[in-house]
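This is coords23.csv. It holds CSV, C-alpha atoms.
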chain,number,residue,atom,x,y,z
A,1,MET,CA,-9.8,10.6,-23.8
A,2,ASN,CA,-13.6,11.2,-23.8
A,3,VAL,CA,-15.8,9.6,-21.2
A,4,LEU,CA,-18.6,7.6,-22.9
A,5,LYS,CA,-22.0,8.8,-22.0
A,6,VAL,CA,-25.1,7.5,-23.7
A,7,ALA,CA,-28.1,9.7,-24.5
A,8,PRO,CA,-31.2,8.6,-22.5
A,9,GLU,CA,-33.1,7.9,-25.7
A,10,ALA,CA,-30.5,5.3,-26.8
A,11,LEU,CA,-30.8,3.3,-23.5
A,12,GLU,CA,-33.8,1.1,-24.4
A,13,GLY,CA,-32.2,-0.2,-27.6
A,14,LEU,CA,-28.9,-1.0,-25.9
A,15,LEU,CA,-30.5,-2.7,-22.9
A,16,LYS,CA,-32.7,-5.0,-24.9
A,17,GLU,CA,-29.6,-6.9,-26.0
A,18,VAL,CA,-28.6,-7.7,-22.4
A,19,ARG,CA,-29.5,-11.1,-21.0
A,20,TYR,CA,-29.8,-10.9,-17.2
A,21,ASP,CA,-29.5,-14.0,-15.1
A,22,ASP,CA,-32.1,-15.4,-12.8
A,23,LYS,CA,-31.2,-12.7,-10.2
A,24,GLY,CA,-31.6,-9.9,-12.8
A,25,LEU,CA,-27.8,-9.3,-13.0
A,26,VAL,CA,-25.3,-9.1,-15.9
A,27,LEU,CA,-21.6,-9.6,-15.5
A,28,ALA,CA,-19.6,-6.4,-15.7
A,29,LEU,CA,-15.8,-6.6,-16.3
A,30,ALA,CA,-13.7,-3.5,-15.8
A,31,CYS,CA,-10.6,-3.4,-17.9
A,32,ASP,CA,-7.9,-0.8,-18.1
A,33,HIS,CA,-8.5,1.3,-21.2
A,34,ALA,CA,-4.9,1.4,-22.2
A,35,THR,CA,-3.6,-2.1,-21.5
A,36,GLY,CA,-6.8,-4.1,-21.6
A,37,GLU,CA,-5.8,-5.7,-18.3
A,38,ILE,CA,-8.8,-6.9,-16.3
A,39,LEU,CA,-9.1,-5.0,-13.1
A,40,MET,CA,-12.2,-6.4,-11.5
A,41,ALA,CA,-15.3,-8.5,-12.1
A,42,ALA,CA,-18.6,-7.4,-10.6
A,43,TRP,CA,-22.3,-7.3,-11.4
A,44,MET,CA,-24.9,-4.8,-12.6
A,45,ASN,CA,-28.7,-4.8,-12.6
A,46,ALA,CA,-30.7,-2.9,-15.2
A,47,GLU,CA,-30.7,0.2,-13.0
A,48,SER,CA,-27.0,0.3,-12.3
A,49,LEU,CA,-26.2,-0.4,-15.9
A,50,SER,CA,-28.5,2.4,-17.0
A,51,GLN,CA,-26.8,4.8,-14.6
A,52,THR,CA,-23.4,3.7,-15.7
A,53,LEU,CA,-24.2,4.3,-19.4
A,54,ILE,CA,-25.9,7.7,-18.7
A,55,THR,CA,-23.2,9.0,-16.3
A,56,GLY,CA,-20.1,7.4,-17.7
A,57,GLU,CA,-19.1,6.3,-14.2
A,58,MET,CA,-19.0,2.7,-13.3
A,59,THR,CA,-22.0,1.9,-11.0
A,60,TYR,CA,-22.4,-1.7,-9.9
A,61,TRP,CA,-25.0,-3.6,-8.0
A,62,SER,CA,-23.6,-4.7,-4.6
A,63,ARG,CA,-24.9,-8.3,-4.1
A,64,SER,CA,-23.9,-8.2,-0.4
A,65,ARG,CA,-25.3,-4.8,0.4
A,66,LYS,CA,-28.2,-5.1,-2.1
A,67,GLU,CA,-27.8,-1.5,-3.3
A,68,LEU,CA,-26.4,0.6,-6.1
A,69,TRP,CA,-22.7,1.0,-5.7
A,70,VAL,CA,-21.1,4.0,-7.5
A,71,LYS,CA,-17.5,2.7,-7.7
A,72,GLY,CA,-15.1,5.0,-5.7
A,73,LEU,CA,-17.8,7.2,-4.3
A,74,THR,CA,-16.2,7.0,-0.8
A,75,SER,CA,-12.6,6.0,-1.8
A,76,GLY,CA,-12.2,8.4,-4.7
A,77,HIS,CA,-11.1,5.4,-6.8
A,78,THR,CA,-13.7,6.0,-9.5
A,79,GLN,CA,-13.8,4.4,-12.9
A,80,SER,CA,-14.8,6.5,-16.0
A,81,VAL,CA,-16.0,4.6,-19.0
A,82,VAL,CA,-14.4,5.1,-22.3
A,83,GLY,CA,-15.7,2.1,-24.2
A,84,VAL,CA,-18.1,-0.8,-23.7
A,85,GLU,CA,-18.5,-4.2,-25.5
A,86,ILE,CA,-21.2,-6.8,-25.1
A,87,ASP,CA,-20.5,-10.5,-25.5
A,88,CYS,CA,-22.0,-12.9,-28.0
A,89,ASP,CA,-24.8,-14.1,-25.7
A,90,GLY,CA,-25.4,-10.8,-24.0
A,91,ASP,CA,-24.7,-11.9,-20.5
A,92,ALA,CA,-21.3,-10.2,-20.0
A,93,LEU,CA,-20.2,-6.6,-20.6
A,94,ARG,CA,-16.6,-5.4,-21.0
A,95,PHE,CA,-16.0,-1.9,-19.9
A,96,ARG,CA,-12.8,-0.1,-20.8
A,97,VAL,CA,-12.2,2.4,-18.0
A,98,ILE,CA,-9.9,5.0,-16.7
A,99,GLN,CA,-9.2,4.0,-13.1
A,100,LYS,CA,-8.7,7.0,-10.9
A,101,GLY,CA,-6.5,6.8,-7.8
A,102,HIS,CA,-4.7,3.6,-9.0
A,103,ALA,CA,-6.7,1.0,-7.0
A,104,ALA,CA,-9.7,-0.9,-8.5
A,105,CYS,CA,-9.5,-3.5,-5.6
A,106,HIS,CA,-10.9,-2.8,-2.1
A,107,THR,CA,-7.5,-4.1,-0.8
A,108,ASN,CA,-6.0,-1.0,-2.4
A,109,ARG,CA,-4.4,-2.9,-5.2
A,110,ARG,CA,-4.5,-2.0,-8.8
A,111,SER,CA,-6.4,-5.2,-9.8
A,112,CYS,CA,-8.5,-7.7,-7.8
A,113,PHE,CA,-6.5,-10.5,-9.5
A,114,TYR,CA,-3.4,-10.1,-7.4
A,115,ARG,CA,-2.9,-13.8,-6.4
A,116,SER,CA,-1.2,-15.9,-9.1
A,117,LEU,CA,-0.7,-19.6,-9.3
A,118,GLN,CA,3.1,-20.1,-8.8
A,119,GLY,CA,4.8,-23.3,-7.6
A,120,GLY,CA,1.4,-24.9,-6.8
A,121,LEU,CA,0.3,-22.1,-4.5
A,122,TRP,CA,-1.6,-18.8,-4.8
A,123,THR,CA,1.1,-16.2,-4.5
A,124,VAL,CA,0.6,-12.5,-4.0
A,125,ILE,CA,2.1,-10.7,-6.9
A,126,ASP,CA,1.0,-7.1,-6.2
A,127,GLU,CA,1.2,-5.1,-3.0
A,128,PRO,CA,-1.3,-2.5,-1.8
A,129,VAL,CA,-0.5,1.1,-2.7
A,130,ARG,CA,-0.3,3.7,0.0
A,131,SER,CA,-3.1,6.3,0.3
A,132,GLY,CA,-2.4,9.3,-1.9
A,133,HIS,CA,-0.3,7.3,-4.3
B,134,MET,CA,5.9,-20.6,-23.4
B,135,ASN,CA,5.1,-23.5,-21.0
B,136,VAL,CA,1.7,-24.8,-20.4
B,137,LEU,CA,0.8,-24.5,-16.7
B,138,LYS,CA,-0.1,-27.9,-15.2
B,139,VAL,CA,-0.7,-28.4,-11.6
B,140,ALA,CA,0.4,-31.5,-9.7
B,141,PRO,CA,-2.6,-33.5,-8.4
B,142,GLU,CA,-1.3,-33.1,-4.8
B,143,ALA,CA,-1.5,-29.3,-5.1
B,144,LEU,CA,-5.1,-29.2,-6.1
B,145,GLU,CA,-6.8,-29.3,-2.7
B,146,GLY,CA,-4.9,-26.3,-1.4
B,147,LEU,CA,-5.7,-24.3,-4.5
B,148,LEU,CA,-9.3,-25.2,-4.6
B,149,LYS,CA,-10.0,-24.2,-1.0
B,150,GLU,CA,-9.5,-20.6,-1.9
B,151,VAL,CA,-12.3,-20.7,-4.5
B,152,ARG,CA,-15.7,-19.4,-3.5
B,153,TYR,CA,-18.4,-21.1,-5.7
B,154,ASP,CA,-21.8,-19.5,-6.2
B,155,ASP,CA,-25.1,-21.1,-5.1
B,156,LYS,CA,-24.9,-23.3,-8.3
B,157,GLY,CA,-21.4,-24.5,-7.5
B,158,LEU,CA,-19.8,-22.4,-10.2
B,159,VAL,CA,-16.9,-20.0,-10.3
B,160,LEU,CA,-16.4,-17.3,-13.1
B,161,ALA,CA,-13.6,-18.2,-15.5
B,162,LEU,CA,-12.2,-15.4,-17.7
B,163,ALA,CA,-10.0,-16.4,-20.6
B,164,CYS,CA,-7.5,-13.7,-21.6
B,165,ASP,CA,-4.9,-13.6,-24.3
B,166,HIS,CA,-1.6,-14.4,-22.7
B,167,ALA,CA,0.3,-11.8,-24.8
B,168,THR,CA,-2.1,-8.8,-24.8
B,169,GLY,CA,-4.2,-9.4,-21.7
B,170,GLU,CA,-7.3,-8.9,-23.9
B,171,ILE,CA,-10.3,-10.7,-22.5
B,172,LEU,CA,-11.5,-13.4,-25.0
B,173,MET,CA,-14.5,-14.9,-23.3
B,174,ALA,CA,-16.3,-15.3,-19.9
B,175,ALA,CA,-17.6,-18.7,-18.9
B,176,TRP,CA,-18.0,-20.9,-15.8
B,177,MET,CA,-16.3,-23.8,-14.1
B,178,ASN,CA,-17.5,-26.1,-11.4
B,179,ALA,CA,-15.0,-27.9,-9.1
B,180,GLU,CA,-14.6,-30.8,-11.5
B,181,SER,CA,-13.9,-28.7,-14.6
B,182,LEU,CA,-11.6,-26.4,-12.7
B,183,SER,CA,-9.6,-29.4,-11.4
B,184,GLN,CA,-9.4,-30.8,-14.9
B,185,THR,CA,-8.3,-27.4,-16.3
B,186,LEU,CA,-5.5,-27.1,-13.7
B,187,ILE,CA,-4.3,-30.7,-14.1
B,188,THR,CA,-4.4,-30.8,-17.9
B,189,GLY,CA,-3.5,-27.2,-18.7
B,190,GLU,CA,-6.3,-27.1,-21.2
B,191,MET,CA,-9.4,-24.8,-20.5
B,192,THR,CA,-12.3,-27.0,-19.5
B,193,TYR,CA,-15.6,-25.2,-18.7
B,194,TRP,CA,-18.9,-26.3,-17.3
B,195,SER,CA,-21.6,-25.8,-19.9
B,196,ARG,CA,-24.6,-24.4,-18.1
B,197,SER,CA,-26.9,-25.1,-21.1
B,198,ARG,CA,-25.8,-28.6,-21.7
B,199,LYS,CA,-24.9,-29.4,-18.1
B,200,GLU,CA,-21.7,-31.1,-18.9
B,201,LEU,CA,-17.9,-30.7,-18.9
B,202,TRP,CA,-16.8,-28.7,-22.0
B,203,VAL,CA,-13.2,-29.1,-23.1
B,204,LYS,CA,-12.9,-25.9,-25.0
B,205,GLY,CA,-12.1,-26.6,-28.7
B,206,LEU,CA,-12.5,-30.3,-28.5
B,207,THR,CA,-14.7,-30.3,-31.7
B,208,SER,CA,-13.6,-27.0,-33.3
B,209,GLY,CA,-9.8,-27.4,-32.6
B,210,HIS,CA,-9.8,-24.0,-31.0
B,211,THR,CA,-8.4,-25.1,-27.8
B,212,GLN,CA,-7.0,-22.8,-25.0
B,213,SER,CA,-3.8,-23.8,-23.3
B,214,VAL,CA,-3.2,-22.2,-19.9
B,215,VAL,CA,0.0,-20.4,-19.2
B,216,GLY,CA,-1.1,-18.5,-16.0
B,217,VAL,CA,-3.9,-18.2,-13.6
B,218,GLU,CA,-4.9,-15.5,-11.1
B,219,ILE,CA,-7.7,-15.6,-8.5
B,220,ASP,CA,-9.5,-12.5,-7.4
B,221,CYS,CA,-9.8,-10.9,-3.9
B,222,ASP,CA,-13.0,-12.7,-3.0
B,223,GLY,CA,-12.2,-15.9,-4.7
B,224,ASP,CA,-15.3,-16.0,-7.0
B,225,ALA,CA,-13.5,-15.2,-10.3
B,226,LEU,CA,-10.4,-16.7,-12.0
B,227,ARG,CA,-8.4,-15.1,-14.7
B,228,PHE,CA,-6.7,-17.5,-17.0
B,229,ARG,CA,-4.0,-16.4,-19.4
B,230,VAL,CA,-4.2,-18.6,-22.4
B,231,ILE,CA,-2.7,-19.4,-25.7
B,232,GLN,CA,-5.8,-19.5,-28.1
B,233,LYS,CA,-5.3,-22.1,-30.8
B,234,GLY,CA,-7.0,-21.6,-34.2
B,235,HIS,CA,-7.7,-17.9,-33.6
B,236,ALA,CA,-11.3,-18.0,-32.5
B,237,ALA,CA,-12.4,-18.1,-28.8
B,238,CYS,CA,-16.0,-17.3,-29.8
B,239,HIS,CA,-18.5,-19.8,-31.2
B,240,THR,CA,-19.2,-17.2,-33.9
B,241,ASN,CA,-15.7,-17.9,-35.1
B,242,ARG,CA,-14.4,-14.5,-33.9
B,243,ARG,CA,-11.3,-14.0,-31.9
B,244,SER,CA,-13.2,-12.6,-28.9
B,245,CYS,CA,-16.8,-12.9,-27.7
B,246,PHE,CA,-16.8,-9.2,-27.1
B,247,TYR,CA,-17.2,-8.2,-30.7
B,248,ARG,CA,-20.1,-5.7,-30.4
B,249,SER,CA,-19.0,-2.2,-29.2
B,250,LEU,CA,-21.1,0.7,-28.2
B,251,GLN,CA,-20.7,3.3,-30.9
B,252,GLY,CA,-23.1,6.1,-31.7
B,253,GLY,CA,-25.6,4.8,-29.3
B,254,LEU,CA,-25.8,1.4,-30.9
B,255,TRP,CA,-24.1,-2.0,-30.5
B,256,THR,CA,-21.8,-2.1,-33.5
B,257,VAL,CA,-20.0,-5.2,-34.8
B,258,ILE,CA,-16.3,-4.5,-34.7
B,259,ASP,CA,-14.8,-7.8,-35.6
B,260,GLU,CA,-15.8,-10.2,-38.4
B,261,PRO,CA,-15.7,-14.0,-38.3
B,262,VAL,CA,-12.5,-15.6,-39.6
B,263,ARG,CA,-12.8,-18.3,-42.3
B,264,SER,CA,-12.0,-21.9,-41.4
B,265,GLY,CA,-8.4,-22.7,-41.6
B,266,HIS,CA,-7.3,-19.1,-41.0
As a first step, turn the structure in this file into structure tokens.
Amino acid sequence: MNVLKVAPEALEGLLKEVRYDDKGLVLALACDHATGEILMAAWMNAESLSQTLITGEMTYWSRSRKELWVKGLTSGHTQSVVGVEIDCDGDALRFRVIQKGHAACHTNRRSCFYRSLQGGLWTVIDEPVRSGH
Amino acid sequence: MNVLKVAPEALEGLLKEVRYDDKGLVLALACDHATGEILMAAWMNAESLSQTLITGEMTYWSRSRKELWVKGLTSGHTQSVVGVEIDCDGDALRFRVIQKGHAACHTNRRSCFYRSLQGGLWTVIDEPVRSGH
């Protein structure tokens, strides 16, 4: 499956449909390319979105560290983009990604959404994978 | 498939894991219960989240109208909850829903993510359904 990389000259036209919030951020949802399952929800500013589209590798804006965050740069759990959709009002992007190294979540789980409401409680439904899995 | 409704006495324990943003909102992602496809991204405050969990019907907070928004109350395109997950840092919720009347999007499309990046352009990949479809 081909990684989706945008030509630099196409960027301006694509970005003008994006509606950033009052902090200059747009919601970025990473979904498994094969199943559609949502893996994580994070944020991008114009710079990280541009870098994501040009390189084809998910690059977020870390709100806590206030810096560009190439997903998986240290863990190896990178996310390659194979498709992107923008929502009706332009404030959310859905990225279809190939998740390398299994874990999208910093807890070493496949998805950040690993606590499910069961019996009136948040219940852990997925365990961390071991390194090298 | 059973609609998921939470007993009022379970609410407090569930809500204390939610991390609202500086506007008192948490991200609410509605996904098709069968396919996992994300249909829309919107927001809930504590009141709309409580109402969603108690009634089993998706109830958002409208940031533009500044009011509770029972999804589909006027259009009939309601969303019944069959499952909920909370993410690792508690600022996003994934709801698995049964979408009534086909359309989650106000443009009368199944999903709000109907523009896909193709050939360097946002390209419409889904057409509105007719009323009554």
Closest pair table for chain B residues within 6 Å of chain A, all atoms listed in the file, as CSV:
residue,atom,partner,partner_atom,distance
B:Ala143,CA,A:Gly120,CA,5.5
B:Gly169,CA,A:Glu37,CA,5.3
B:Glu170,CA,A:Gly36,CA,5.3
B:Val217,CA,A:Leu117,CA,5.5
B:Glu218,CA,A:Ser116,CA,4.2
B:Ile219,CA,A:Phe113,CA,5.3
B:Asp220,CA,A:Phe113,CA,4.2
B:Cys221,CA,A:Cys112,CA,5.2
B:Cys245,CA,A:Asp87,CA,4.9
B:Phe246,CA,A:Asp87,CA,4.2
B:Arg248,CA,A:Glu85,CA,5.4
B:Ser249,CA,A:Glu85,CA,4.2
B:Leu250,CA,A:Val84,CA,5.6
B:Gly253,CA,A:Ala10,CA,5.5
Take the residues just selected and output them with C-alpha atoms as a short mmCIF file (atom, residue, chain, number, x, y, z; two decimals), in the coordinates of the input.
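again.cif, written as the output of this step:
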data_model
loop_
_atom_site.label_atom_id
_atom_site.label_comp_id
_atom_site.auth_asym_id
_atom_site.auth_seq_id
_atom_site.Cartn_x
_atom_site.Cartn_y
_atom_site.Cartn_z
CA ALA B 143 -1.50 -29.30 -5.10
CA GLY B 169 -4.20 -9.40 -21.70
CA GLU B 170 -7.30 -8.90 -23.90
CA VAL B 217 -3.90 -18.20 -13.60
CA GLU B 218 -4.90 -15.50 -11.10
CA ILE B 219 -7.70 -15.60 -8.50
CA ASP B 220 -9.50 -12.50 -7.40
CA CYS B 221 -9.80 -10.90 -3.90
CA CYS B 245 -16.80 -12.90 -27.70
CA PHE B 246 -16.80 -9.20 -27.10
CA ARG B 248 -20.10 -5.70 -30.40
CA SER B 249 -19.00 -2.20 -29.20
CA LEU B 250 -21.10 0.70 -28.20
CA GLY B 253 -25.60 4.80 -29.30
#
Open item on the list: Just the number, please: distance in Å from CA of His235 in chain B to CA of Thr188 in chain B, one decimal.
Closed with: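 According to the coordinates, CA of His235 in chain B and CA of Thr188 in chain B are separated by 20.6 Å.
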Task: Separation of CA of Ala30 in chain A from CA of Val97 in chain A in Å - done: 6.5 Å
TODO: Tell me, as a PyMOL selection string, which residues lie within 8 Å of Lys71 in chain A, counting all atoms listed in the file; anything in the same chain fewer than 6 positions away does not count.
DONE: chain A and resi 57-60+77-79
Suppose we keep C-alpha atoms; can you now write the selection as a PDB file, keeping the file's coordinate frame?
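Everything below was put into selection21.pdb:
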ATOM      1  CA  GLU A  57     -19.100   6.300 -14.200  1.00  0.00           C
ATOM      2  CA  MET A  58     -19.000   2.700 -13.300  1.00  0.00           C
ATOM      3  CA  THR A  59     -22.000   1.900 -11.000  1.00  0.00           C
ATOM      4  CA  TYR A  60     -22.400  -1.700  -9.900  1.00  0.00           C
ATOM      5  CA  HIS A  77     -11.100   5.400  -6.800  1.00  0.00           C
ATOM      6  CA  THR A  78     -13.700   6.000  -9.500  1.00  0.00           C
ATOM      7  CA  GLN A  79     -13.800   4.400 -12.900  1.00  0.00           C
TER       8      GLN A  79
END
Considering only C-alpha atoms, tabulate each residue of range 47-68 of chain A that lies at most 12 Å from range 21-25 of chain A along with its nearest interatomic pair and the corresponding distance in Å to one decimal; arrange the rows by chain and ascending residue number and present them as JSON lines.
{"residue": "A:Glu47", "atom": "CA", "partner": "A:Leu25", "partner_atom": "CA", "distance": 9.9}
{"residue": "A:Ser48", "atom": "CA", "partner": "A:Leu25", "partner_atom": "CA", "distance": 9.7}
{"residue": "A:Leu49", "atom": "CA", "partner": "A:Leu25", "partner_atom": "CA", "distance": 9.5}
{"residue": "A:Tyr60", "atom": "CA", "partner": "A:Leu25", "partner_atom": "CA", "distance": 9.8}
{"residue": "A:Trp61", "atom": "CA", "partner": "A:Leu25", "partner_atom": "CA", "distance": 8.1}
{"residue": "A:Ser62", "atom": "CA", "partner": "A:Leu25", "partner_atom": "CA", "distance": 10.5}
{"residue": "A:Arg63", "atom": "CA", "partner": "A:Leu25", "partner_atom": "CA", "distance": 9.4}
{"residue": "A:Lys66", "atom": "CA", "partner": "A:Lys23", "partner_atom": "CA", "distance": 11.5}
TODO: Kindly give the distance, in Å, that separates CA of Ser213 in chain B and CA of Thr185 in chain B, rounded to a single decimal.
DONE: 9.1 Å
